[in-house]
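Notes follow once the structure below has been shown.
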Number of protein chains: 10
Amino acid sequence: MNDRFRDILQTFNNPRPQRDYTIEIVCPEFTSVCPKTGQPDFGTLRITYVPEAKCVELKSLKLYLQQYRNEGIFYEAVTNRILDDLTAVVSPRRMTLTASFTPRGGITTSVTATYQASTPSQ
Amino acid sequence: MNDRFRDILQTFNNPRPQRDYTIEIVCPEFTSVCPKTGQPDFGTLRITYVPEAKCVELKSLKLYLQQYRNEGIFYEAVTNRILDDLTAVVSPRRMTLTASFTPRGGITTSVTATYQASTPSQ
Amino acid sequence: MNDRFRDILQTFNNPRPQRDYTIEIVCPEFTSVCPKTGQPDFGTLRITYVPEAKCVELKSLKLYLQQYRNEGIFYEAVTNRILDDLTAVVSPRRMTLTASFTPRGGITTSVTATYQASTPSQ
Amino acid sequence: MNDRFRDILQTFNNPRPQRDYTIEIVCPEFTSVCPKTGQPDFGTLRITYVPEAKCVELKSLKLYLQQYRNEGIFYEAVTNRILDDLTAVVSPRRMTLTASFTPRGGITTSVTATYQASTPSQ
Amino acid sequence: MNDRFRDILQTFNNPRPQRDYTIEIVCPEFTSVCPKTGQPDFGTLRITYVPEAKCVELKSLKLYLQQYRNEGIFYEAVTNRILDDLTAVVSPRRMTLTASFTPRGGITTSVTATYQASTPSQ
Amino acid sequence: MNDRFRDILQTFNNPRPQRDYTIEIVCPEFTSVCPKTGQPDFGTLRITYVPEAKCVELKSLKLYLQQYRNEGIFYEAVTNRILDDLTAVVSPRRMTLTASFTPRGGITTSVTATYQASTPSQ
Amino acid sequence: MNDRFRDILQTFNNPRPQRDYTIEIVCPEFTSVCPKTGQPDFGTLRITYVPEAKCVELKSLKLYLQQYRNEGIFYEAVTNRILDDLTAVVSPRRMTLTASFTPRGGITTSVTATYQASTPSQ
Amino acid sequence: MNDRFRDILQTFNNPRPQRDYTIEIVCPEFTSVCPKTGQPDFGTLRITYVPEAKCVELKSLKLYLQQYRNEGIFYEAVTNRILDDLTAVVSPRRMTLTASFTPRGGITTSVTATYQASTPSQ
Amino acid sequence: MNDRFRDILQTFNNPRPQRDYTIEIVCPEFTSVCPKTGQPDFGTLRITYVPEAKCVELKSLKLYLQQYRNEGIFYEAVTNRILDDLTAVVSPRRMTLTASFTPRGGITTSVTATYQASTPSQ
Amino acid sequence: MNDRFRDILQTFNNPRPQRDYTIEIVCPEFTSVCPKTGQPDFGTLRITYVPEAKCVELKSLKLYLQQYRNEGIFYEAVTNRILDDLTAVVSPRRMTLTASFTPRGGITTSVTATYQASTPSQ
């Protein structure tokens with residue numbers, strides 16, 4: 001099932017692969033569903049990455065994130081899954097994803113995960 | 001008595017145990033009772049941890065924290081006890097808990113404690 | 001049951017009944033229980049009143065409000081009930097109570113009610 | 001189709017129908033779908049009303065609003081439809097609904113509508 | 001006992017009695033003692049007045065307010081008593097006193113009282 | 001003595017006497033001497049006026065205010081005296097002067113006085 | 001005389017002496033008397049410490065600090081004396097005290113002192 | 001096509017080539033066109049560089065940036081292309097360009113790239 | 001002439017000479033006279049020091065600083081002279097003085113100087 | 001032509017040449033003329049320096065900076081020229097000049113340059 005979402009992500013060629021530069025993307029309209037209660041969750045995703053050969057295409061990223069709209073998934077799982085999907089498709093030099101969710105039951109949660117290519121280019 | 005509360009805490013499998021990532025949980029609605037005066041105390045708990053094999057389930061965390069609603073306990077004891085319960089159940093790589101209480105008698109108190117797994121994974 | 005709480009409220013003689021003056025009391029540590037879910041609710045009460053013959057004694061007000069700690073009651077009911085209790089015991093010239101509760105399920109609620117003595121002194 | 005959503009709304013008896021008081025409810029997690037593009041919309045609803053015989057139950061309100069999650073509907077239509085549903089079920093003395101949506105194409109929109117009972121009680 | 005404090009207040013002649021002008025005095029270092037618990041209270045006094053024939057001398061006001069340092073007195077009584085003393089000694093055209101006290105038992109209180117000369121000069 | 005200071009003030013012709021317009025002048029470096037203690041006082045003067053035939057020349061205003069540097073005078077007197085001097089020399093349609101002094105003995109004072117020409121031009 | 005105050009301070013057993021953790025206490029309602037002028041001083045104390053075998057009990061700390069209410073003592077002396085009393089009674093691993101006083105004669109002062117146990121436990 | 005834009009950039013001689021100093025240029029009015037949707041994009045460019053023999057002339061920079069008004073180009077490509085054009089024409093010792101774009105489809109993006117001369121002068 | 005001012009400074013014995021602790025004093029009401037134009041200057045002095053055997057007495061410091069009220073002296077000279085006087089009288093372990101003056105002719109100046117005892121005690 | 005401006009700068013003897021201390025001067029009213037368009041430029045100069053034998057006299061600095069009022073000169077040139085003039089006349093131990101100009105054609109520029117005496121005194 002994971003791959004069904006991942007296939008939506010599209011890339012384009014990094015216009016300057018020879019240069020180490022940083023792209024930051026903020027998505028304040030993320031929503032998914034709590035797998036225990038069936039209630040919707042809302043959060044902001046912040047993606048920062050240094051591209052290698054490919055960049056993520058933003059419209060496909062938006063459509064990819066919309067797939068979670070009716071998906072039941074924990075905060076920790078969705079954060080790691082999105083990082084896995086993005087790094088699998090984009091193969092960046094490094095990438096960090098922070099997901100900050102709105103309060104539930106008086107409790108606020110955020111999750112931060114980082115990917116580092118095993119053979120860094122610099 | 002400690003274990004009676006601790007048994008409420010539930011966990012689920014860390015979806016990416018191979019990755020060192022951070023979860024931050026803020027609980028601004030914590031309340032307990034002063035063991036000397038019997039008056040209610042109010043505070044905000046901030047939990048930050050890197051999971052090993054397990055993550056704390058948030059609804060069970062909410063219910064666990066609600067057990068203190070009518071429990072007489074000092075600031076220093078409750079901060080350490082919650083850190084002990086969480087680290088006993090979750091066995092994280094590391095965890096920090098800061099408890100900030102509202103003023104009493106014109107005096108404001110906060111307590112910060114940290115746990116570090118004895119054989120860190122990184 | 002209503003009267004059981006009300007009996008806790010104490011008053012003292014208004015030191016200047018001949019003067020129309022205003023007392024504002026803010027209680028940010030109010031907590032009760034949702035009658036549907038059994039979960040605790042948290043809110044801030046703001047009481048503004050012009051006393052007639054009596055003023056509410058603050059320590060008794062604190063103890064009175066603490067009675068709701070384990071009481072299952074809706075936002076609308078608790079706001080009106082506290083206003084009724086206070087006006088029954090204090091008989092002010094006028095009083096307004098605003099109760100602002102913390103978010104539940106992503107929804108924030110506040111309730112405002114006002115009492116006006118039927119034969120105003122001015 | 002309209003009634004299918006409306007049936008979710010539940011009420012409870014106004015605990016003080018003899019008093020004119022105000023309830024304000026803020027819902028920052030509203031989301032629906034644009035009927036032209038199929039893209040999700042996000043907004044904040046602010047409901048202010050004076051109840052007559054009934055109050056809206058908050059959990060049912062949350063579930064009612066979640067029905068719009070996959071519903072294609074314009075900003076203006078959804079604002080009026082929610083006001084219609086709420087006033088039909090709650091029959092308040094008066095009610096105002098303001099819906100503020102996040103930017104789309106660099107444009108931010110909000111819609112405000114008001115209902116006034118034809119025979120006001122005061 | 002009231003007069004013993006009042007006698008400390010000194011005045012000087014209003015340098016422009018023919019003009020209606022406003023003097024605002026803020027005293028953030030007021031402290032007295034709670035008559036029930038014997039604990040110290042702390043507050044900020046804000047005095048605004050239009051003088052008639054006399055102005056209050058500030059050093060005597062400071063000494064006057066220091067008399068309350070070890071005096072057991074309720075918020076409502078001290079606010080009205082200070083207003084009475086000041087208006088008795090200064091005979092202003094009008095005067096407003098707001099006393100805002102720091103939180104006690106999680107409850108914050110302020111008291112506002114106003115004096116208006118019975119035969120206003122304007 | 002008053003006139004000795006006043007003579008320093010110079011004016012120039014209002015370039016548009018037919019128009020009712022406003023001039024605001026802020027002087028944060030005012031200093032005089034307390035007539036009781038001999039200690040220096042510091043304050044900020046804010047002058048707002050609508051000119052009639054004349055405007056105050058700013059360099060002369062600066063020199064005029066510097067005359068108070070070693071002058072023993074109460075807050076209320078200096079505020080009214082400066083307003084008197086300015087209105088005597090400039091004859092404005094109306095003028096307001098607010099003098100805000102720095103804290104002394106934990107007490108902060110400001111004085112506000114207003115002049116209105118007896119036969120207003122509008 | 002020093003010991004008379006110190007005897008008021010009470011402690012309780014550190015609930016986790018095996019853990020190095022931090023307690024921060026803020027007291028914005030400290031007041032003493034200037035030994036030269038007899039005028040009251042006001043300040044905020046910020047105490048940060050890592051406990052060894054004992055923690056300071058907060059109600060006794062409040063009563064201890066209230067002893068200074070009518071005590072004539074310089075800023076520098078009171079800061080060091082409170083640090084000495086607290087470290088003598090609590091024997092912490094380390095402790096820092098910052099006392100920030102309100103302006104006097106246009107001058108604002110703060111004093112910061114630190115204690116470090118001679119044989120640190122870590 | 002790239003060179004057609006680049007030819008617009010003009011330079012003037014660095015007035016102090018012997019000194020290592022920094023020039024920062026902020027352009028908040030950049031606009032280009034999304035190559036996928038044909039919609040306009042808006043962003044702020046921040047250029048920081050240490051000049052070698054030449055400085056970029058600002059009016060030519062403004063005209064150069066205006067060429068992108070109707071150019072369909074991705075964020076990542078335009079950021080790198082502008083950095084390439086500027087470094088080709090100016091040959092600075094080092095230069096950093098950050099492009100921050102306004103939200104599109106609820107997603108905000110910024111791109112940062114840096115150039116370092118291969119034989120730094122210091 | 002320098003010594004005439006310096007003689008005003010008084011000290012008292014450092015209550016804890018065996019402890020290295022910090023005293024910070026802020027004086028926002030400093031005023032002197034420009035030696036070229038005869039115009040008054042205004043500034044804020046910030047003094048930070050670690051005492052050795054003596055502390056500066058604050059009332060004498062206030063009187064010492066008031067001596068500059070009618071003294072013609074440059075910013076750079078007054079800053080260094082006050083540091084010299086204070087270190088000569090107090091003999092601290094170390095002291096820093098920052099003098100920040102208000103704008104003159106549209107130009108704002110601040111001067112910072114530091115003293116370090118030649119044989120530091122720690 | 002450069003020297004014509006430079007000759008306006010005056011100095012006075014550093015009152016404490018034996019001490020390494022810092023002088024910061026901020027000039028928010030700098031204006032010159034763009035050499036290409038003839039339009040006025042506006043900016044803020046921030047000068048920070050450690051004097052050796054001489055300090056810059058502020059009134060002469062003001063007059064010196066006013067010479068640029070009708071001078072056509074690029075941002076980069078004027079920043080370096082002022083730094084050159086000041087270091088030639090003052091011979092400081094070190095000096096930094098930052099010139100921040102207001103937007104032109106939607107573009108904001110600032111230039112920062114630093115001078116270090118070749119044989120530093122410390």
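By convention in this document, the chains of the structure tokens carry letters A, B, ... by their order, each chain's residues are numbered from 1, and ligands are numbered from 1 in the order they are shown.
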
query = Among chain B, which residues carry a DSSP assignment of strand (DSSP E or B), reported as a PyMOL selection string?
reply = chain B and resi 11-13+22-33+40-50+54-56+72+94-101+104+107-116

With C-alpha atoms kept, could you save the residues just selected as an mmCIF file, in the first residue's frame?
data_model
loop_
_atom_site.group_PDB
_atom_site.id
_atom_site.type_symbol
_atom_site.label_atom_id
_atom_site.label_comp_id
_atom_site.auth_asym_id
_atom_site.auth_seq_id
_atom_site.Cartn_x
_atom_site.Cartn_y
_atom_site.Cartn_z
ATOM 1 C CA THR B 11 3.023 1.467 23.637
ATOM 2 C CA PHE B 12 3.107 0.550 19.980
ATOM 3 C CA ASN B 13 6.056 -0.629 17.954
ATOM 4 C CA THR B 22 12.799 12.831 18.112
ATOM 5 C CA ILE B 23 9.226 13.015 19.446
ATOM 6 C CA GLU B 24 8.100 16.061 21.472
ATOM 7 C CA ILE B 25 4.860 15.959 23.483
ATOM 8 C CA VAL B 26 3.436 18.999 25.359
ATOM 9 C CA CYS B 27 0.691 18.512 27.983
ATOM 10 C CA PRO B 28 -0.543 21.909 29.313
ATOM 11 C CA GLU B 29 -3.431 20.420 31.315
ATOM 12 C CA PHE B 30 -1.606 18.492 34.035
ATOM 13 C CA THR B 31 -3.080 18.732 37.529
ATOM 14 C CA SER B 32 -2.299 16.986 40.812
ATOM 15 C CA VAL B 33 -2.806 17.762 44.519
ATOM 16 C CA PRO B 40 -4.822 21.337 43.479
ATOM 17 C CA ASP B 41 -1.618 22.088 41.523
ATOM 18 C CA PHE B 42 -1.554 22.902 37.794
ATOM 19 C CA GLY B 43 1.308 22.620 35.334
ATOM 20 C CA THR B 44 2.579 21.996 31.820
ATOM 21 C CA LEU B 45 4.632 18.888 31.012
ATOM 22 C CA ARG B 46 7.051 18.860 28.060
ATOM 23 C CA ILE B 47 8.347 15.390 27.103
ATOM 24 C CA THR B 48 11.086 14.972 24.457
ATOM 25 C CA TYR B 49 12.424 11.510 23.589
ATOM 26 C CA VAL B 50 14.193 9.351 21.007
ATOM 27 C CA LYS B 54 8.562 1.354 21.374
ATOM 28 C CA CYS B 55 6.612 4.622 21.262
ATOM 29 C CA VAL B 56 4.178 5.803 23.929
ATOM 30 C CA GLY B 72 -1.161 14.130 46.574
ATOM 31 C CA ARG B 94 16.988 9.207 25.790
ATOM 32 C CA MET B 95 14.173 11.319 27.302
ATOM 33 C CA THR B 96 13.829 14.765 28.972
ATOM 34 C CA LEU B 97 10.834 15.899 31.024
ATOM 35 C CA THR B 98 10.245 19.517 32.109
ATOM 36 C CA ALA B 99 7.304 20.249 34.425
ATOM 37 C CA SER B 100 6.392 23.958 34.848
ATOM 38 C CA PHE B 101 3.826 24.678 37.582
ATOM 39 C CA ARG B 104 1.525 29.224 44.526
ATOM 40 C CA ILE B 107 6.283 31.420 43.956
ATOM 41 C CA THR B 108 6.669 29.666 40.582
ATOM 42 C CA THR B 109 8.526 26.344 40.238
ATOM 43 C CA SER B 110 9.712 24.155 37.367
ATOM 44 C CA VAL B 111 11.597 20.849 37.480
ATOM 45 C CA THR B 112 13.679 19.296 34.652
ATOM 46 C CA ALA B 113 14.999 15.715 34.611
ATOM 47 C CA THR B 114 16.746 13.673 31.892
ATOM 48 C CA TYR B 115 17.151 9.944 31.221
ATOM 49 C CA GLN B 116 19.909 8.471 29.045
#

**Close residues, Asp84 of chain D itself excluded, 10 Å, only C-alpha atoms, min 4 positions apart in chain, as JSON, numbers by chain** = {"D": [2, 6, 78, 79, 80, 88, 89, 90, 91, 113, 114, 115]}

Residues of chain B within 9 Å of chain E: nearest atom pair and distance (Å, one decimal) for each, counting only C-alpha atoms, sorted by chain and number, as JSON lines?
{"residue": "B:Gln39", "atom": "CA", "partner": "E:Gly105", "partner_atom": "CA", "distance": 8.6}
{"residue": "B:Thr102", "atom": "CA", "partner": "E:Gly106", "partner_atom": "CA", "distance": 7.6}
{"residue": "B:Pro103", "atom": "CA", "partner": "E:Gly106", "partner_atom": "CA", "distance": 7.0}
{"residue": "B:Arg104", "atom": "CA", "partner": "E:Gly105", "partner_atom": "CA", "distance": 6.2}
{"residue": "B:Gly105", "atom": "CA", "partner": "E:Arg104", "partner_atom": "CA", "distance": 6.2}
{"residue": "B:Gly106", "atom": "CA", "partner": "E:Pro103", "partner_atom": "CA", "distance": 7.0}

Alpha helix (DSSP H) call set, DSSP backbone run, chain D, as a PyMOL selection string: chain D and resi 2-6+58-66+75-90
